[in-house]
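Student: Before we start, here is the structure in question, set down as structure tokens.
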Amino acid sequence: MDFKDYYKIMGVERDATQDEIKRAYRKLARKYHPDVSKESDAEIRFKEVGEAYEALKDPEKRAAYDQLGANWKAGQDFNPPPDWDAGFEFSGGGFTGGDSAAYSDFFESLFGRGGAQGFRSAAGGGYSSGHSGAYGGGFQSRGEDHHAKVIIDLEDAYQGASRSITLQSPELDSSGHVVTKKRTLNVKIPKGVKQGQRIRLSGQGSAGIGGGPAGDLYLEIEFKPHSIYHVDGHDVYIDLPITPWEAALGASVKVPTPDGKVDMKIQPNTPSGRKMRLKGRGIPGSGSSGQGPGDLYVVPQITIPPADNEAAKELYKKMQQELDYNPRSRLGV
């Protein structure tokens, strides 16, 4: 997939104001509208301009695109890195016109497809437009909810933790430029939190209008990639290196878990890849959801000692001579 330089398509500088981007879009939309343009590639250019404007006219999309695209050039092979949008605070950013299905795979990879719902998942959670109503005598409106994706350690889900989290959100300055502001919050990570679960921080969204209540901030949880574990729902997996003699003869071995080391029995003649379950050793249960703890699956991986000295070589030769073993027999060779 090729990277698209939306600023180049629009013919504006990266520090253009929102008004400059709007004027550039109107000019190019008139120039390339298929009903009036005589350009041979008018339809293609018209779609490109529409897609670029969809990304740049919204400060939230634009700020995210700016951070992601700062070191890329048009036409370069591109795949967005995992969790590229983590730490961005969004209050909406849905589609405000046009058919999202008409946009490129590049656009979809960043902002999703299918209206606000598509961008919602890419941005790290849902959004609420707020609730309006009368509170007392004048018009008041509840503030918008905000959403952000945050990355935590897997161990935080086992123990619970308090973390200082910095979020950044776009806003327009007095000259119409998109700038990014930061704020730091102290957040309590509850024990048993799952990947994709949202933590609600009451009153941390946009301020209300006319004295109305503030919106809430929802933090969508993602786990930081771990060096030895990987997570599937509320279950946790670990590849456990074992020796050939442990696999053949059986053994009792120590297994690391995010909650501490445990003893596990390896049955004789255990092959590589056979899953062994440690019940209840996955992500702990959460009282709020009523869900019990997950399991931890240990997947043995037989490792071969190197024949890096004469004694080791002689031992391997003896095994070759005395063990009648052909691992390719089932293949007929």
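Chains: A, B, ... in order of the structure tokens. Residues: from 1 per chain. Ligands: from 1, in order shown.
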Find the residues around Val179 (chain A) up to 10 Å (only C-alpha atoms counted), leave out those fewer than 3 positions away in its own chain, and share them as an MDAnalysis selection string.
Tutor: chainID A and resid 15 59 63 168:173 176
Student: Write out as a list in words the residues lying within 9 Å of Pro271 (chain A), counting only C-alpha atoms and excluding same-chain residues fewer than 2 positions away.
Tutor: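 Answer for this query is Ala247, Ala248, Asn269, Gly273, Arg274, Pro300, Gln301 and Ile302 of chain A.
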Student: How would you write, as a PyMOL selection string, the set of residues in region 126-243 of chain A that DSSP gives as helix (DSSP H, G or I)?
Tutor: chain A and resi 154-159
Student: Take the residues just selected and output them with N, CA and C atoms as a compact mmCIF listing (two decimals), in the first residue's frame.
Tutor:
```txt
# COMPACT_ATOMS: atom_id res chain seq x y z
N LEU A 154 1.20 -5.99 30.64
CA LEU A 154 0.36 -7.12 30.99
C LEU A 154 0.30 -7.33 32.50
N GLU A 155 1.43 -7.13 33.16
CA GLU A 155 1.48 -7.33 34.61
C GLU A 155 0.52 -6.40 35.35
N ASP A 156 0.21 -5.23 34.77
CA ASP A 156 -0.74 -4.32 35.41
C ASP A 156 -2.12 -4.96 35.53
N ALA A 157 -2.48 -5.80 34.54
CA ALA A 157 -3.78 -6.46 34.58
C ALA A 157 -3.83 -7.54 35.66
N TYR A 158 -2.67 -8.08 36.03
CA TYR A 158 -2.62 -9.10 37.07
C TYR A 158 -2.67 -8.48 38.47
N GLN A 159 -1.99 -7.39 38.65
CA GLN A 159 -1.85 -6.82 39.98
C GLN A 159 -2.74 -5.60 40.22
```
Student: Do a neighbour search on Gly211 (chain A) at 9 Å with only C-alpha atoms, toss out local chain neighbours closer than 5 positions, and write the hits as a list in words.
Tutor: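 Skipping anything fewer than 5 positions along the chain leaves Tyr135, Phe139, Gln140, Ser141 and Arg142 of chain A.
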Student: Write to file, as a PDB file, in the first residue's frame, the residues of the selection just made, with C-alpha atoms.
Tutor:
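And here's part-v4.pdb as it stands now:
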```pdb
ATOM      1  CA  TYR A 135     -30.983  22.352  33.366  1.00  0.00           C
ATOM      2  CA  PHE A 139     -30.047  26.149  27.571  1.00  0.00           C
ATOM      3  CA  GLN A 140     -27.400  23.775  28.758  1.00  0.00           C
ATOM      4  CA  SER A 141     -25.690  20.867  27.083  1.00  0.00           C
ATOM      5  CA  ARG A 142     -23.606  17.998  28.326  1.00  0.00           C
TER       6      ARG A 142
END
```
Student: Distance CA of Ala161 (chain A)-CA of Gly282 (chain A), one decimal place?
Tutor: 17.2 Å
Student: Taking the DSSP secondary structure from the backbone, can you list the residues of region 42-291 of chain A that are strand (DSSP E or B), as a ChimeraX atom specification?
Tutor: /A:77,88-90,132-134,139-141,146-152,161-172,178-189,198-201,209,217-223,229-232,235-242,251-255,262-266,276-278,286,291
